[in-house]
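Enquirer: Got a structure for you, written out below as structure tokens; questions coming shortly.
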Amino acid sequence: MLCCTLTFAQQTPADKQTEAITITGATVHVGNGTIIEHAVLIFENGKIQTIVDGRVAKIEYKGKVIDASGKHIYPGFIGANTSLGLVEVDAVNASNDQREMGSMIPHVRSLIAYNAESKVVESMRPNGILTAQVSPNGGRFSGTSSIMQLDAWNWQDAAIKADDGVHLNWPSSFSRGRWWLGEPRGLRPNNNYAKQVGDIIAFVKDSKAYLKGNRANKNIPFEAMEGLFDGSQKLYVHVNDEKGITDAVNFAIENGMTMVVVGGYQAHAVTGLLKSNNIPVLIDHTHSMPATSDHDYDLPYKNPKLLADAGVLVGIHTGNNSNFQTRNLPFYAGQVVGQGMAKEDALKLITSNIAKILGVDDMLGTIEVGKSATLFVSEGDALDMRGNQLTHAFIDGRAISLETHQTELWKRYKNKYEGN
């Protein structure tokens with residue numbers, strides 16, 4: 001039993017940084033569009049202390065020195081709207097904690113269901129994903145998400161920002177025919193749309209009334225809405241169609257809520273509304289098909305660029321129904337480079353822009369003095385799967401392991417079949 005435990009246990013989280021680390025010779029991709037060649041990067045006590053071009057600034061090295069000549073340094077990638085740590089095996093219900101029973105359940109906290117020992121979480125780190133927003137799923141108001149670092153003993157250690165926002169699944173103005181009931185397969189107007197939106201409005205009104213009252217009879221779902229009204233939490237609205245996005249934005253404005261569009265498949269059609277109201281978008285990942293036959297075949301590929309070109313703050317998310325695919329986050333950003341976006345701007349889609357949208361840009365998202373030393377060293381271009389080969393990774397200055405169940409199996413069978 002002990003042997004089995006040791007074989008299948010998660011990598012032990014790294015110890016707190018006790019020695020300064022200096023990395024030299026690498027190209028640093030700051031995450032804000034800036035590149036520093038032949039850089040000298042020093043971090044200590046989990047914070048970045050120095051970042052300079054070593055050719056023009058002479059600086060004394062501190063602590064352990066890592067020669068990264070010819071390599072690249074990136075800020076840790078941030079996975080937004082994931083179910084990491086909530087689902088281990090999709091087919092095993094006992095390992096699936098991403099949703100709860102009920103419709104209006106804003107009080108459900110993904111934080112306390114997070115499994116820090118998940119092998120899925122572990123498998124993100126070798127591709128540079130070091131931080132993630134862990135979000136609930138299901139219902140109308142799904143619950144609250146939290147932002148976690150991906151090398152921890154438990155959810156308490158992992159939490160960077162607890163309960164950062166409430167997630168709302170906005171009804172679609174269109175529905176697909178239920179073929180199993182003999183209905184046409186195509187899209188048609190959702191006849192229940194007005195009622196479904198009305199239910200949301202009624203719940204919000206009731207929440208406000210309760211919070212302004214004496215709260216004699218405690219109502220936990222209404223209590224959980226308070227952060228949306230006082231500005232301490234954001235409202236993440238999962239919506240894709242043009243009408244739904246427009247209605248959701250107007251709803252958030254009327255109720256004084258800080259809103260983020262999640263999904264936003266047709267957000268490019270309402271960029272004026274989004275920009276004028278400072279509404280950011282977490283756009284769905286680029287490796288997908290058009291939603292309907294009359295859309296451009298490459299719309300999912302170019303969607304992030306369409307929004308960015310219109311001045312909308314945009315980041316890429318991978319969807320909380322596909323937690324395994326979060327590992328491909330850097331390659332989704334790389335896809336946008338193929339659509340004409342500059343590589344450093346594409347990098348922002350999974351670093352600084354995400355940090356701004358999630359409200360953690362004071363700590364994460366860029367490699368700058370005073371910020372968390374959450375970063376990694378790659379052999380080459382981290383947005384290309386050929387270059388995304390990590391040699392070192394750090395979370396808050398802690399040198400974390402890049403070994404996973406997959407890398408162990410790869411080494412095992414590589415030796416077996418090498419040369420055959």
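Each chain of the structure tokens is named A, B, ... in the order shown, its residues numbered from 1; ligands are numbered from 1 in display order.
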Quick one: everything within 9 Å of range 79-96 of chain A, counting only C-alpha atoms, minus sequence neighbours fewer than 5 positions away in the same chain. Send it as a ChimeraX atom specification.

Expert: /A:110,113-121,129-137,145,147,262,282,315-324,326-327,329,350-351,354,358

Enquirer: Excluding Asp157 in chain A and any residue of its chain fewer than 2 positions from it, enumerate the residues within 12 Å of it, using only C-alpha atoms, and give them as a tab-separated table (two decimals) with all heavy atoms, in the first residue's frame.

Expert:
chain	number	residue	atom	x	y	z
A	13	PRO	N	4.48	19.80	-2.82
A	13	PRO	CA	4.63	21.24	-3.10
A	13	PRO	C	5.99	21.76	-2.66
A	13	PRO	O	6.57	21.29	-1.67
A	13	PRO	CB	3.50	21.86	-2.26
A	13	PRO	CG	2.47	20.78	-2.17
A	13	PRO	CD	3.25	19.51	-2.06
A	14	ALA	N	6.49	22.73	-3.40
A	14	ALA	CA	7.82	23.27	-3.14
A	14	ALA	C	7.84	24.06	-1.83
A	14	ALA	O	6.83	24.64	-1.41
A	14	ALA	CB	8.24	24.17	-4.30
A	16	LYS	N	9.02	27.15	0.69
A	16	LYS	CA	9.10	28.59	0.55
A	16	LYS	C	10.51	29.00	0.14
A	16	LYS	O	11.50	28.40	0.56
A	16	LYS	CB	8.72	29.25	1.88
A	16	LYS	CG	8.67	30.76	1.85
A	16	LYS	CD	8.22	31.32	3.19
A	16	LYS	CE	8.14	32.83	3.17
A	16	LYS	NZ	7.70	33.38	4.48
A	111	LEU	N	-14.18	27.21	-4.04
A	111	LEU	CA	-12.95	27.21	-3.25
A	111	LEU	C	-12.81	25.97	-2.38
A	111	LEU	O	-11.79	25.28	-2.38
A	111	LEU	CB	-12.90	28.47	-2.39
A	111	LEU	CG	-11.74	28.62	-1.41
A	111	LEU	CD1	-10.46	28.84	-2.17
A	111	LEU	CD2	-11.99	29.77	-0.45
A	112	ILE	N	-13.85	25.65	-1.61
A	112	ILE	CA	-13.74	24.59	-0.62
A	112	ILE	C	-13.83	23.19	-1.23
A	112	ILE	O	-13.59	22.20	-0.54
A	112	ILE	CB	-14.80	24.75	0.50
A	112	ILE	CG1	-16.21	24.73	-0.10
A	112	ILE	CG2	-14.56	26.04	1.27
A	112	ILE	CD1	-17.30	24.78	0.95
A	114	TYR	N	-12.02	22.54	-4.00
A	114	TYR	CA	-10.79	22.43	-4.78
A	114	TYR	C	-9.87	21.35	-4.23
A	114	TYR	O	-9.57	21.32	-3.04
A	114	TYR	CB	-10.07	23.79	-4.79
A	114	TYR	CG	-8.76	23.79	-5.55
A	114	TYR	CD1	-8.75	23.81	-6.94
A	114	TYR	CD2	-7.54	23.76	-4.87
A	114	TYR	CE1	-7.56	23.82	-7.64
A	114	TYR	CE2	-6.34	23.77	-5.56
A	114	TYR	CZ	-6.36	23.80	-6.95
A	114	TYR	OH	-5.16	23.79	-7.63
A	115	ASN	N	-9.44	20.47	-5.11
A	115	ASN	CA	-8.54	19.37	-4.74
A	115	ASN	C	-7.12	19.72	-5.18
A	115	ASN	O	-6.77	19.61	-6.36
A	115	ASN	CB	-9.00	18.07	-5.40
A	115	ASN	CG	-8.04	16.92	-5.14
A	115	ASN	OD1	-7.23	16.96	-4.21
A	115	ASN	ND2	-8.10	15.89	-5.97
A	116	ALA	N	-6.30	20.14	-4.23
A	116	ALA	CA	-4.94	20.55	-4.55
A	116	ALA	C	-4.07	19.39	-5.01
A	116	ALA	O	-3.02	19.60	-5.63
A	116	ALA	CB	-4.29	21.22	-3.33
A	117	GLU	N	-4.49	18.15	-4.72
A	117	GLU	CA	-3.71	16.98	-5.11
A	117	GLU	C	-4.16	16.38	-6.43
A	117	GLU	O	-3.78	15.27	-6.79
A	117	GLU	CB	-3.77	15.93	-4.00
A	117	GLU	CG	-3.11	16.38	-2.71
A	117	GLU	CD	-2.99	15.27	-1.69
A	117	GLU	OE1	-3.65	14.23	-1.88
A	117	GLU	OE2	-2.24	15.44	-0.73
A	147	ILE	N	-9.39	32.32	-7.17
A	147	ILE	CA	-8.17	32.28	-7.96
A	147	ILE	C	-7.10	31.55	-7.16
A	147	ILE	O	-6.83	31.91	-6.00
A	147	ILE	CB	-7.72	33.70	-8.34
A	147	ILE	CG1	-8.84	34.38	-9.14
A	147	ILE	CG2	-6.43	33.67	-9.16
A	147	ILE	CD1	-8.68	35.86	-9.30
A	148	MET	N	-6.52	30.51	-7.78
A	148	MET	CA	-5.63	29.60	-7.06
A	148	MET	C	-4.27	29.52	-7.75
A	148	MET	O	-4.17	29.61	-8.98
A	148	MET	CB	-6.24	28.19	-7.03
A	148	MET	CG	-7.76	28.15	-6.84
A	148	MET	SD	-8.29	28.69	-5.21
A	148	MET	CE	-8.10	27.17	-4.29
A	149	GLN	N	-3.23	29.33	-6.94
A	149	GLN	CA	-1.93	28.98	-7.51
A	149	GLN	C	-1.82	27.45	-7.50
A	149	GLN	O	-2.37	26.79	-6.62
A	149	GLN	CB	-0.79	29.65	-6.73
A	149	GLN	CG	-0.75	29.39	-5.24
A	149	GLN	CD	0.06	28.16	-4.86
A	149	GLN	OE1	0.58	27.45	-5.71
A	149	GLN	NE2	0.16	27.89	-3.56
A	150	LEU	N	-1.15	26.89	-8.50
A	150	LEU	CA	-1.26	25.46	-8.77
A	150	LEU	C	-0.13	24.62	-8.20
A	150	LEU	O	0.31	23.64	-8.81
A	150	LEU	CB	-1.36	25.25	-10.29
A	150	LEU	CG	-2.51	25.98	-10.99
A	150	LEU	CD1	-2.60	25.57	-12.45
A	150	LEU	CD2	-3.84	25.74	-10.28
A	151	ASP	N	0.31	24.95	-6.99
A	151	ASP	CA	1.29	24.11	-6.30
A	151	ASP	C	1.06	24.30	-4.80
A	151	ASP	O	1.64	25.19	-4.19
A	151	ASP	CB	2.72	24.49	-6.68
A	151	ASP	CG	3.76	23.61	-6.01
A	151	ASP	OD1	3.81	22.40	-6.33
A	151	ASP	OD2	4.52	24.12	-5.17
A	152	ALA	N	0.20	23.48	-4.23
A	152	ALA	CA	-0.20	23.70	-2.85
A	152	ALA	C	-0.56	22.39	-2.17
A	152	ALA	O	-0.86	21.38	-2.82
A	152	ALA	CB	-1.40	24.65	-2.80
A	153	TRP	N	-0.55	22.43	-0.83
A	153	TRP	CA	-0.95	21.27	-0.04
A	153	TRP	C	-2.47	21.12	0.01
A	153	TRP	O	-3.01	20.02	0.06
A	153	TRP	CB	-0.41	21.40	1.38
A	153	TRP	CG	1.06	21.19	1.51
A	153	TRP	CD1	2.02	22.16	1.65
A	153	TRP	CD2	1.77	19.94	1.51
A	153	TRP	NE1	3.27	21.59	1.73
A	153	TRP	CE2	3.14	20.23	1.66
A	153	TRP	CE3	1.37	18.61	1.40
A	153	TRP	CZ2	4.11	19.23	1.71
A	153	TRP	CZ3	2.34	17.61	1.45
A	153	TRP	CH2	3.69	17.93	1.59
A	154	ASN	N	-3.17	22.25	0.06
A	154	ASN	CA	-4.62	22.22	0.22
A	154	ASN	C	-5.21	23.51	-0.34
A	154	ASN	O	-4.47	24.40	-0.81
A	154	ASN	CB	-4.99	22.06	1.70
A	154	ASN	CG	-4.22	23.03	2.60
A	154	ASN	OD1	-4.14	24.23	2.31
A	154	ASN	ND2	-3.63	22.53	3.67
A	155	TRP	N	-6.54	23.62	-0.31
A	155	TRP	CA	-7.16	24.81	-0.91
A	155	TRP	C	-6.83	26.07	-0.14
A	155	TRP	O	-6.76	27.16	-0.72
A	155	TRP	CB	-8.67	24.62	-1.06
A	155	TRP	CG	-9.48	24.47	0.20
A	155	TRP	CD1	-9.91	23.30	0.75
A	155	TRP	CD2	-10.00	25.51	1.03
A	155	TRP	NE1	-10.66	23.54	1.88
A	155	TRP	CE2	-10.73	24.89	2.07
A	155	TRP	CE3	-9.93	26.91	0.99
A	155	TRP	CZ2	-11.38	25.63	3.07
A	155	TRP	CZ3	-10.57	27.64	1.99
A	155	TRP	CH2	-11.28	27.00	3.01
A	159	ALA	N	-5.21	29.30	-2.33
A	159	ALA	CA	-6.03	30.48	-2.62
A	159	ALA	C	-5.19	31.76	-2.70
A	159	ALA	O	-4.45	32.09	-1.79
A	159	ALA	CB	-7.11	30.63	-1.56
A	160	ILE	N	-5.31	32.45	-3.82
A	160	ILE	CA	-4.71	33.77	-4.00
A	160	ILE	C	-5.76	34.85	-3.75
A	160	ILE	O	-5.51	35.84	-3.07
A	160	ILE	CB	-4.15	33.92	-5.43
A	160	ILE	CG1	-2.99	32.96	-5.64
A	160	ILE	CG2	-3.70	35.36	-5.68
A	160	ILE	CD1	-2.46	32.96	-7.06
A	161	LYS	N	-6.95	34.64	-4.32
A	161	LYS	CA	-8.06	35.56	-4.13
A	161	LYS	C	-9.33	34.74	-3.99
A	161	LYS	O	-9.80	34.13	-4.95
A	161	LYS	CB	-8.17	36.54	-5.31
A	161	LYS	CG	-9.20	37.64	-5.12
A	161	LYS	CD	-9.16	38.63	-6.28
A	161	LYS	CE	-10.14	39.78	-6.06
A	161	LYS	NZ	-10.11	40.74	-7.19
A	162	ALA	N	-9.86	34.70	-2.79
A	162	ALA	CA	-11.04	33.88	-2.52
A	162	ALA	C	-12.32	34.59	-2.94
A	162	ALA	O	-12.46	35.80	-2.73
A	162	ALA	CB	-11.10	33.52	-1.03

Enquirer: Considering only strand (DSSP E or B) as DSSP defines it on the backbone, what residues of range 16-264 of chain A qualify? List them as a PyMOL selection string.

Expert: chain A and resi 21-29+35-44+47-53+64-67+72-75+77-82+87+96+104+109+129-134+141-149+159-169+174-176+187-189+234-239+259-263

Enquirer: Mind pulling up the distance from CA of Tyr74 in chain A to CA of Gly387 in chain A?

Expert: 12.5 Å

Enquirer: Can you work out the spacing between CA of Gly340 in chain A and CA of Ala310 in chain A in Å, to one decimal?

Expert: 14.4 Å
